[in-house]
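Novice: Structure: entry.txt, compact mmCIF, C-alpha atoms.
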# COMPACT_ATOMS: atom_id res chain seq x y z
CA MET A 229 -104.38 -74.33 81.60
CA ALA A 230 -104.80 -71.29 83.78
CA ALA A 231 -101.26 -70.16 82.94
CA ILE A 232 -102.03 -70.38 79.21
CA ILE A 233 -105.22 -68.34 79.61
CA SER A 234 -103.43 -65.70 81.69
CA GLN A 235 -100.78 -65.30 79.03
CA ALA A 236 -103.38 -64.85 76.31
CA MET A 237 -105.41 -62.27 78.32
CA PRO A 238 -104.45 -58.60 77.75
CA GLU A 239 -103.24 -56.43 80.58
CA THR A 240 -105.80 -54.33 82.43
CA VAL A 241 -105.14 -50.74 83.54
CA ASP A 242 -107.98 -48.87 85.36
CA GLY A 243 -110.46 -51.34 84.03
CA ALA A 244 -109.37 -50.85 80.37
CA ASP A 245 -107.75 -53.63 78.36
CA ILE A 246 -104.36 -52.71 76.92
CA PRO A 247 -102.89 -55.25 74.48
CA LYS A 248 -99.24 -56.24 74.90
CA SER A 249 -96.85 -54.50 72.51
CA LYS A 250 -94.60 -56.55 70.27
CA ARG A 251 -92.32 -53.64 69.59
CA PRO A 252 -88.64 -54.39 70.35
CA SER A 253 -87.02 -52.54 73.18
CA ASP A 254 -85.40 -49.20 72.43
CA SER A 255 -81.80 -50.45 72.36
CA ALA A 256 -79.06 -49.79 69.83
CA PHE A 257 -78.84 -53.47 68.91
CA LYS A 258 -82.56 -54.18 68.48
CA GLN A 259 -83.23 -50.88 66.72
CA GLN A 260 -80.19 -51.35 64.44
CA ARG A 261 -78.41 -48.19 65.48
CA LEU A 262 -75.01 -49.84 65.98
CA PRO A 263 -72.10 -48.27 64.08
CA ALA A 264 -71.26 -50.09 60.85
CA TRP A 265 -68.74 -49.90 58.06
CA GLN A 266 -69.46 -50.74 54.46
CA PRO A 267 -66.75 -50.60 51.81
CA VAL A 268 -67.41 -48.48 48.77
CA LEU A 269 -66.07 -50.38 45.76
CA THR A 270 -64.65 -47.93 43.25
CA ALA A 271 -62.25 -48.29 40.38
CA GLY A 272 -59.53 -46.79 42.53
CA THR A 273 -59.79 -49.63 45.07
CA VAL A 274 -60.84 -52.63 42.94
CA LEU A 275 -58.34 -52.32 40.09
CA PRO A 276 -55.20 -52.13 42.30
CA ALA A 277 -56.48 -55.14 44.27
CA PHE A 278 -56.84 -57.23 41.09
CA PHE A 279 -53.39 -56.27 39.82
CA LEU A 280 -51.78 -56.85 43.24
CA ILE A 281 -53.29 -60.34 43.56
CA GLY A 282 -52.18 -61.24 40.03
CA ILE A 283 -48.62 -59.94 40.51
CA LEU A 284 -48.23 -61.85 43.82
CA PHE A 285 -49.98 -65.11 42.96
CA ILE A 286 -48.27 -65.90 39.65
CA PRO A 287 -44.68 -65.92 41.05
CA ILE A 288 -45.82 -67.89 44.11
CA GLY A 289 -47.51 -70.45 41.85
CA ALA A 290 -44.40 -70.72 39.70
CA LEU A 291 -42.26 -71.40 42.79
CA LEU A 292 -44.71 -74.02 44.06
CA LEU A 293 -44.78 -75.71 40.66
CA TYR A 294 -40.99 -75.69 40.43
CA SER A 295 -40.74 -77.19 43.91
CA SER A 296 -43.20 -79.95 42.99
CA ASN A 297 -41.45 -80.74 39.70
CA SER A 298 -38.07 -81.01 41.47
CA ILE A 299 -39.36 -84.03 43.43
CA ASN A 300 -38.52 -87.45 42.01
CA GLU A 301 -41.28 -90.03 42.19
CA PHE A 302 -41.69 -93.62 41.01
CA MET A 303 -45.12 -95.28 41.06
CA TYR A 304 -46.06 -98.86 40.19
CA ASP A 305 -49.51 -100.49 40.21
CA TYR A 306 -49.09 -104.01 41.61
CA THR A 307 -52.78 -104.90 42.01
CA HIS A 308 -52.58 -107.82 39.57
CA CYS A 309 -49.00 -108.94 40.09
CA LYS A 310 -48.37 -112.68 39.65
CA PRO A 311 -46.38 -115.04 41.87
CA ASP A 312 -43.22 -116.68 40.59
CA SER A 313 -45.16 -119.85 39.68
CA GLY A 314 -48.71 -120.29 38.44
CA ASN A 315 -51.00 -118.40 36.09
CA GLN A 316 -53.29 -116.85 38.68
CA THR A 317 -52.64 -113.38 39.99
CA CYS A 318 -52.14 -112.80 43.70
CA ALA A 319 -55.42 -110.88 43.76
CA GLU A 320 -57.30 -113.94 42.49
CA ILE A 321 -55.54 -116.24 44.96
CA ILE A 322 -56.32 -114.01 47.94
CA SER A 323 -59.91 -113.45 46.83
CA GLY A 324 -60.51 -117.20 46.40
CA SER A 325 -58.87 -118.13 49.69
CA PRO A 326 -59.29 -115.37 52.31
CA GLY A 327 -56.60 -115.37 54.97
CA SER A 328 -53.95 -116.86 52.68
CA SER A 329 -50.87 -115.03 51.41
CA CYS A 330 -49.06 -114.69 48.12
CA VAL A 331 -45.54 -113.51 47.21
CA CYS A 332 -44.79 -111.73 43.96
CA THR A 333 -41.63 -110.03 42.69
CA ILE A 334 -41.60 -106.82 40.68
CA HIS A 335 -38.56 -105.64 38.70
CA PHE A 336 -38.25 -101.97 37.83
CA GLU A 337 -35.67 -99.33 36.95
CA LEU A 338 -35.08 -95.90 38.44
CA GLU A 339 -34.07 -93.63 35.57
CA LYS A 340 -32.92 -90.81 37.87
CA ASP A 341 -30.99 -90.54 41.10
CA PHE A 342 -33.35 -90.09 44.04
CA LEU A 343 -31.12 -87.81 46.09
CA GLY A 344 -31.89 -86.83 49.65
CA LYS A 345 -34.40 -88.53 51.92
CA VAL A 346 -36.49 -91.17 50.17
CA TYR A 347 -39.84 -92.42 51.42
CA MET A 348 -41.93 -95.47 50.54
CA TYR A 349 -45.71 -95.15 50.28
CA TYR A 350 -48.61 -97.40 49.43
CA GLY A 351 -51.53 -95.97 47.49
CA LEU A 352 -55.15 -97.13 47.28
CA THR A 353 -57.95 -96.12 44.93
CA ASN A 354 -61.74 -96.37 45.20
CA TYR A 355 -61.34 -96.79 48.96
CA TYR A 356 -63.79 -94.58 50.86
CA GLN A 357 -62.23 -94.07 54.26
CA ASN A 358 -64.30 -90.89 54.54
CA HIS A 359 -67.60 -92.76 54.97
CA ARG A 360 -69.35 -91.48 58.09
CA ARG A 361 -69.90 -94.88 59.71
CA TYR A 362 -66.35 -95.97 58.88
CA VAL A 363 -64.80 -92.83 60.40
CA LYS A 364 -66.80 -93.26 63.63
CA SER A 365 -66.02 -96.97 63.96
CA ARG A 366 -63.31 -96.77 66.64
CA ASP A 367 -62.89 -96.60 70.41
CA ASP A 368 -60.58 -93.74 71.43
CA ASP A 369 -60.44 -94.96 75.02
CA GLN A 370 -58.95 -98.24 73.81
CA LEU A 371 -56.41 -96.42 71.66
CA LEU A 372 -55.35 -94.43 74.74
CA GLY A 373 -54.68 -97.68 76.63
CA ARG A 374 -57.83 -97.51 78.76
CA LEU A 375 -59.16 -101.01 78.11
CA SER A 376 -62.72 -101.94 78.93
CA LEU A 377 -64.66 -105.18 78.52
CA VAL A 378 -67.47 -103.11 77.00
CA PRO A 379 -66.16 -101.43 73.83
CA SER A 380 -67.74 -98.33 72.37
CA SER A 381 -71.04 -98.88 70.58
CA ASP A 382 -69.51 -97.12 67.54
CA CYS A 383 -67.36 -100.23 66.94
CA ALA A 384 -70.32 -102.46 66.05
CA PRO A 385 -70.32 -104.91 64.30
CA PHE A 386 -66.56 -105.14 64.98
CA ALA A 387 -66.81 -104.83 68.76
CA TYR A 388 -66.92 -108.51 69.78
CA ALA A 389 -65.22 -111.57 68.33
CA ASP A 390 -68.28 -113.72 68.98
CA ASP A 391 -71.69 -112.41 69.90
CA ASP A 392 -72.33 -115.49 72.06
CA ASP A 393 -69.12 -115.35 74.14
CA ARG A 394 -69.01 -111.53 74.09
CA ILE A 395 -65.21 -111.45 73.88
CA PRO A 396 -64.26 -107.80 73.18
CA ILE A 397 -61.94 -106.92 70.30
CA ALA A 398 -58.93 -104.65 70.79
CA PRO A 399 -58.56 -102.49 68.80
CA CYS A 400 -62.21 -102.59 67.81
CA GLY A 401 -63.96 -100.96 64.88
CA ALA A 402 -63.98 -101.09 61.10
CA ILE A 403 -60.87 -98.92 60.68
CA ALA A 404 -58.60 -101.19 62.71
CA ASN A 405 -60.20 -104.32 61.24
CA SER A 406 -59.31 -103.19 57.70
CA LEU A 407 -55.64 -102.45 58.51
CA PHE A 408 -53.41 -102.54 55.42
CA SER A 409 -51.33 -105.72 55.68
CA ASP A 410 -49.10 -105.95 52.58
CA LYS A 411 -45.35 -106.06 53.30
CA PHE A 412 -42.50 -104.95 51.05
CA GLU A 413 -38.82 -105.81 50.68
CA LEU A 414 -36.75 -103.65 48.35
CA TYR A 415 -33.52 -104.83 46.72
CA SER A 416 -30.94 -102.95 44.68
CA MET A 417 -29.90 -105.25 41.84
CA THR A 418 -27.20 -102.80 40.74
CA GLN A 419 -25.51 -102.79 44.14
CA GLY A 420 -26.49 -106.36 44.99
CA THR A 421 -27.94 -105.62 48.42
CA GLN A 422 -31.23 -105.13 50.24
CA VAL A 423 -32.38 -101.57 50.78
CA PRO A 424 -32.80 -100.98 54.54
CA LEU A 425 -36.27 -99.76 55.53
CA LEU A 426 -37.31 -98.06 58.78
CA GLN A 427 -40.78 -98.42 60.30
CA THR A 428 -40.35 -95.66 62.88
CA GLU A 429 -41.19 -91.93 62.61
CA ILE A 430 -43.72 -92.49 59.85
CA ALA A 431 -46.70 -91.25 61.95
CA TRP A 432 -47.41 -87.75 63.19
CA PRO A 433 -45.57 -86.95 66.46
CA SER A 434 -48.83 -85.81 68.06
CA ASP A 435 -50.39 -89.19 67.30
CA ARG A 436 -47.41 -91.16 68.59
CA GLN A 437 -47.03 -89.19 71.80
CA ILE A 438 -50.60 -88.22 72.72
CA LYS A 439 -53.42 -90.01 70.89
CA PHE A 440 -52.14 -93.60 71.03
CA ARG A 441 -50.87 -95.18 74.25
CA ASN A 442 -50.31 -98.73 75.47
CA PRO A 443 -51.80 -99.90 78.78
CA GLU A 444 -49.43 -100.01 81.73
CA GLY A 445 -47.47 -103.19 82.38
CA ASP A 446 -46.96 -106.10 80.04
CA LEU A 447 -48.98 -105.63 76.86
CA LYS A 448 -49.74 -109.31 76.39
CA GLU A 449 -51.05 -109.64 79.94
CA ALA A 450 -53.10 -106.45 79.61
CA LEU A 451 -54.79 -107.84 76.48
CA ARG A 452 -55.71 -111.13 78.16
CA GLY A 453 -59.45 -111.57 77.69
CA PHE A 454 -59.45 -109.55 74.45
CA SER A 455 -59.43 -110.81 70.88
CA ARG A 456 -57.64 -109.45 67.85
CA PRO A 457 -59.72 -107.98 64.97
CA LYS A 458 -61.41 -110.57 62.78
CA ALA A 459 -59.41 -109.78 59.63
CA TRP A 460 -56.01 -109.83 61.36
CA THR A 461 -53.62 -112.77 61.19
CA ARG A 462 -51.31 -111.53 63.98
CA GLU A 463 -51.83 -110.37 67.52
CA LEU A 464 -51.60 -106.72 68.51
CA TRP A 465 -48.27 -107.24 70.29
CA GLU A 466 -46.80 -108.94 67.18
CA LEU A 467 -47.36 -106.24 64.57
CA ASP A 468 -43.65 -105.36 64.37
CA GLU A 469 -41.42 -108.40 64.82
CA THR A 470 -38.19 -106.39 64.55
CA ASN A 471 -38.96 -103.75 67.20
CA LYS A 472 -40.85 -104.71 70.35
CA ASP A 473 -41.31 -101.06 71.31
CA ASN A 474 -43.24 -100.48 68.07
CA ASN A 475 -46.13 -102.80 68.96
CA GLY A 476 -49.57 -102.56 70.46
CA PHE A 477 -51.59 -99.40 70.06
CA GLN A 478 -48.35 -97.49 69.43
CA ASN A 479 -47.49 -99.46 66.31
CA GLU A 480 -46.89 -96.79 63.69
CA ASP A 481 -48.44 -98.75 60.82
CA LEU A 482 -51.65 -98.89 62.86
CA ILE A 483 -51.40 -95.18 63.77
CA VAL A 484 -50.93 -94.16 60.13
CA TRP A 485 -53.90 -96.27 59.04
CA MET A 486 -56.17 -94.96 61.80
CA ARG A 487 -55.79 -91.40 60.45
CA THR A 488 -58.47 -91.75 57.78
CA ALA A 489 -58.08 -90.21 54.33
CA ALA A 490 -60.40 -87.48 53.07
CA LEU A 491 -60.58 -88.70 49.47
CA PRO A 492 -61.15 -92.16 47.90
CA THR A 493 -57.75 -92.04 46.18
CA PHE A 494 -54.95 -91.62 48.70
CA ARG A 495 -51.47 -92.66 49.72
CA LYS A 496 -50.04 -93.35 53.15
CA LEU A 497 -46.45 -93.37 54.35
CA HIS A 498 -45.23 -96.93 54.85
CA ARG A 499 -41.45 -96.86 55.35
CA ARG A 500 -38.38 -94.61 55.34
CA ILE A 501 -35.13 -95.49 53.60
CA ASP A 502 -32.36 -95.89 56.18
CA HIS A 503 -29.72 -93.42 54.99
CA SER A 504 -27.31 -94.22 57.80
CA GLN A 505 -25.80 -97.05 55.75
CA ALA A 506 -22.93 -96.01 53.50
CA GLN A 507 -24.45 -97.33 50.27
CA PHE A 508 -27.60 -95.24 50.67
CA GLN A 509 -26.35 -92.07 52.36
CA GLU A 510 -27.04 -89.94 49.29
CA GLY A 511 -30.38 -91.63 48.54
CA LEU A 512 -31.36 -94.21 45.93
CA LEU A 513 -29.14 -94.12 42.87
CA LYS A 514 -30.51 -94.85 39.42
CA GLY A 515 -30.36 -98.48 38.37
CA ASN A 516 -32.28 -101.73 38.54
CA TYR A 517 -34.33 -102.69 41.60
CA SER A 518 -36.67 -105.48 42.61
CA LEU A 519 -39.58 -105.36 45.01
CA THR A 520 -40.82 -108.45 46.85
CA VAL A 521 -44.45 -108.06 47.89
CA MET A 522 -46.02 -110.23 50.59
CA TYR A 523 -49.49 -109.85 49.11
CA SER A 524 -52.31 -110.32 51.63
CA TYR A 525 -54.64 -107.31 51.21
CA SER A 526 -57.44 -107.78 48.69
CA VAL A 527 -58.97 -104.80 46.90
CA ILE A 528 -60.53 -106.27 43.74
CA GLU A 529 -63.87 -106.90 45.50
CA PHE A 530 -64.60 -103.15 45.40
CA GLU A 531 -62.71 -102.51 42.13
CA GLY A 532 -59.83 -100.84 43.90
CA THR A 533 -56.16 -100.74 43.00
CA LYS A 534 -52.91 -100.75 44.97
CA LYS A 535 -49.75 -98.85 44.18
CA PHE A 536 -46.18 -98.88 45.41
CA ILE A 537 -44.56 -95.43 45.48
CA LEU A 538 -41.01 -94.19 46.04
CA SER A 539 -40.65 -90.44 46.42
CA THR A 540 -38.39 -87.69 47.65
CA THR A 541 -39.78 -84.57 49.33
CA SER A 542 -39.26 -80.82 49.43
CA LEU A 543 -39.85 -78.16 52.07
CA LEU A 544 -43.51 -78.16 51.03
CA GLY A 545 -43.97 -81.94 51.27
CA GLY A 546 -44.54 -84.49 48.54
CA LYS A 547 -45.22 -84.09 44.85
CA ASN A 548 -48.45 -82.15 44.26
CA PRO A 549 -48.64 -79.71 41.31
CA PHE A 550 -52.26 -78.72 42.03
CA LEU A 551 -51.42 -75.87 44.40
CA GLY A 552 -48.96 -74.31 41.95
CA PHE A 553 -51.45 -74.48 39.07
CA ALA A 554 -54.17 -73.04 41.30
CA TYR A 555 -52.07 -69.99 42.22
CA ILE A 556 -51.09 -69.39 38.58
CA VAL A 557 -54.68 -69.69 37.32
CA VAL A 558 -56.09 -67.37 40.01
CA GLY A 559 -53.31 -64.83 39.43
CA SER A 560 -53.82 -64.91 35.65
CA VAL A 561 -57.58 -64.50 35.97
CA CYS A 562 -57.12 -61.53 38.31
CA LEU A 563 -54.69 -59.85 35.91
CA LEU A 564 -57.04 -60.44 32.98
CA LEU A 565 -60.01 -59.04 34.88
CA GLY A 566 -57.92 -56.09 36.00
CA CYS A 567 -56.96 -55.26 32.40
CA VAL A 568 -60.55 -55.64 31.14
CA LEU A 569 -61.98 -53.47 33.93
CA LEU A 570 -59.25 -50.86 33.40
CA ILE A 571 -60.13 -50.59 29.71
CA ILE A 572 -63.84 -50.32 30.55
CA HIS A 573 -63.11 -47.68 33.19
CA ILE A 574 -61.01 -45.57 30.80
CA LYS A 575 -63.50 -45.73 27.92
CA CYS A 576 -66.80 -45.63 29.73
CA SER A 577 -66.18 -43.55 32.86
CA LYS A 578 -68.03 -40.22 33.07
CA THR A 579 -67.00 -37.06 34.82
CA ASN A 580 -68.97 -36.23 37.92
CA GLY A 581 -68.08 -32.54 37.91
CA GLY A 582 -71.61 -31.43 36.91
CA ILE A 583 -73.24 -33.71 39.43
CA SER A 584 -71.74 -31.81 42.36
CA SER A 585 -73.67 -28.65 41.38
CA VAL A 586 -77.00 -30.45 41.36
CA HIS A 587 -78.94 -30.52 44.63
CA GLN A 588 -82.43 -31.36 45.73
CA ARG A 589 -83.96 -27.92 45.01
CA SER A 590 -82.35 -27.47 41.62
CA SER A 591 -84.87 -26.60 38.94
CA SER A 592 -85.29 -29.03 36.10
CA ARG A 593 -86.01 -26.15 33.70
CA PRO A 594 -83.18 -24.68 31.58
What is this file in structure tokens?
Specialist:
Amino acid sequence: MAAIISQAMPETVDGADIPKSKRPSDSAFKQQRLPAWQPVLTAGTVLPAFFLIGILFIPIGALLLYSSNSINEFMYDYTHCKPDSGNQTCAEIISGSPGSSCVCTIHFELEKDFLGKVYMYYGLTNYYQNHRRYVKSRDDDQLLGRLSLVPSSDCAPFAYADDDDRIPIAPCGAIANSLFSDKFELYSMTQGTQVPLLQTEIAWPSDRQIKFRNPEGDLKEALRGFSRPKAWTRELWELDETNKDNNGFQNEDLIVWMRTAALPTFRKLHRRIDHSQAQFQEGLLKGNYSLTVMYSYSVIEFEGTKKFILSTTSLLGGKNPFLGFAYIVVGSVCLLLGCVLLIIHIKCSKTNGGISSVHQRSSSRP
């Protein structure tokens, strides 16, 4: 209390009260005397900038659009595909009996040769992986192989298999629990053979080498005392039956899924076509194909859809015409504004020759 009163009391000099000054100190920063630069926008600087942006952006946009259009892509919505027998769709079967599986076959035709490297994607719609609680629902220590019997609190309510027994889940959290589980087998009916698919090198190298690690020693022994996520039907060390090295926290399907999407409509890389075999060295040739889907991932509860995508790529990535259109539109708008402002400048500009002879003491009388 005494400290508060002493702060409120004015200073005393020779018995006279002198109030404290609130004036800032006499420094260049507080008195705003620092050197500054402010551009002067004139027709001589603005008009060339508009024309330069327009001349550069339109060709760049045309190249981006040409690169995107040169990519071959096939997309098929298999949300309501039906099994070989029965009238119900696989979506209805899975929704009515959670944990079950359904197999459906899709026949399609590639009208063009998909030359070069071909990639298989799955696409989801109305799926909000960008929700704040969903994005946080993970334990990075677990994903780095540092297992603990007390998972991160961010994983709740997917941290323990049973609240009574308190058996921790690995990997915990909503992201891992909702792992995409559909499987695909692609067949070339024209060539009469199965298209070989690779599950490796589909995740970012930084994720594979740094962000996801398995615990030391035998993975199965390290996970003793842990439970798999509630929605999973296989153990963590069984995610890839064909490649034992691609299991655990370093399973690339899991790594791809854990990198959450920014928008509710997205696609994720699922497989690569193995071009080492002679029949597919050049890519996928046009013809008839069939896709066998092991359908186990339900999306109709939130009105979502699922898509199967085959696509080639370019130096700029997958098919995306938005960037090319954006460059062309911005360049065109800048050129249009440049032309309009140039016309206004030519017609409405005034000479400033007489202004230079006018000064502060000039008489206003003629």
Novice: Set the distance at 12 Å and use only C-alpha atoms: which residues neighbour A:Ile438 once local chain neighbours fewer than 6 positions away are removed? I'd like the list as a PyMOL selection string.
Specialist: chain A and resi 368+371-373+431-432+477-478+483
Novice: Which polymer residues, whether protein, DNA or RNA, lie within 12 Å of the coordinate (-68.7, -105.2, 67.6) when you count only C-alpha atoms? List them as a PyMOL selection string, using the chain letters and numbers from the file.
Specialist: chain A and resi 365-367+377-392+394-402+404-405+455-458
Novice: Skipping near chain neighbours, those fewer than 5 positions away, what residues fall within 9 Å of stretch 333-346 of chain A using only C-alpha atoms, listed as JSON, numbers by chain?
Specialist: {"A": [299, 300, 301, 302, 304, 306, 309, 310, 311, 312, 500, 501, 502, 503, 509, 510, 511, 512, 513, 514, 515, 516, 517, 518, 519, 520, 521, 538, 539, 540, 541]}
Novice: For a quick check of understanding, using all atoms listed in the file, which of A:Lys439, A:Leu414, A:Leu280, A:Arg261 has the smallest distance to A:Asp369?
Specialist: A:Lys439
Novice: Measuring between all atoms listed in the file, which one of A:Leu292, A:Met348, A:Leu426, A:Ile528 shows the shortest distance to A:Ser504?
Specialist: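 Going through A:Leu292, A:Met348, A:Leu426, A:Ile528 one by one, the smallest distance to A:Ser504 is for A:Leu426.
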Novice: Please compute the atom CA of A:Val561-atom CA of A:Gly282 distance, one decimal, in Å.
Specialist: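 Between atom CA of A:Val561 and atom CA of A:Gly282 the gap works out to 7.5 Å.
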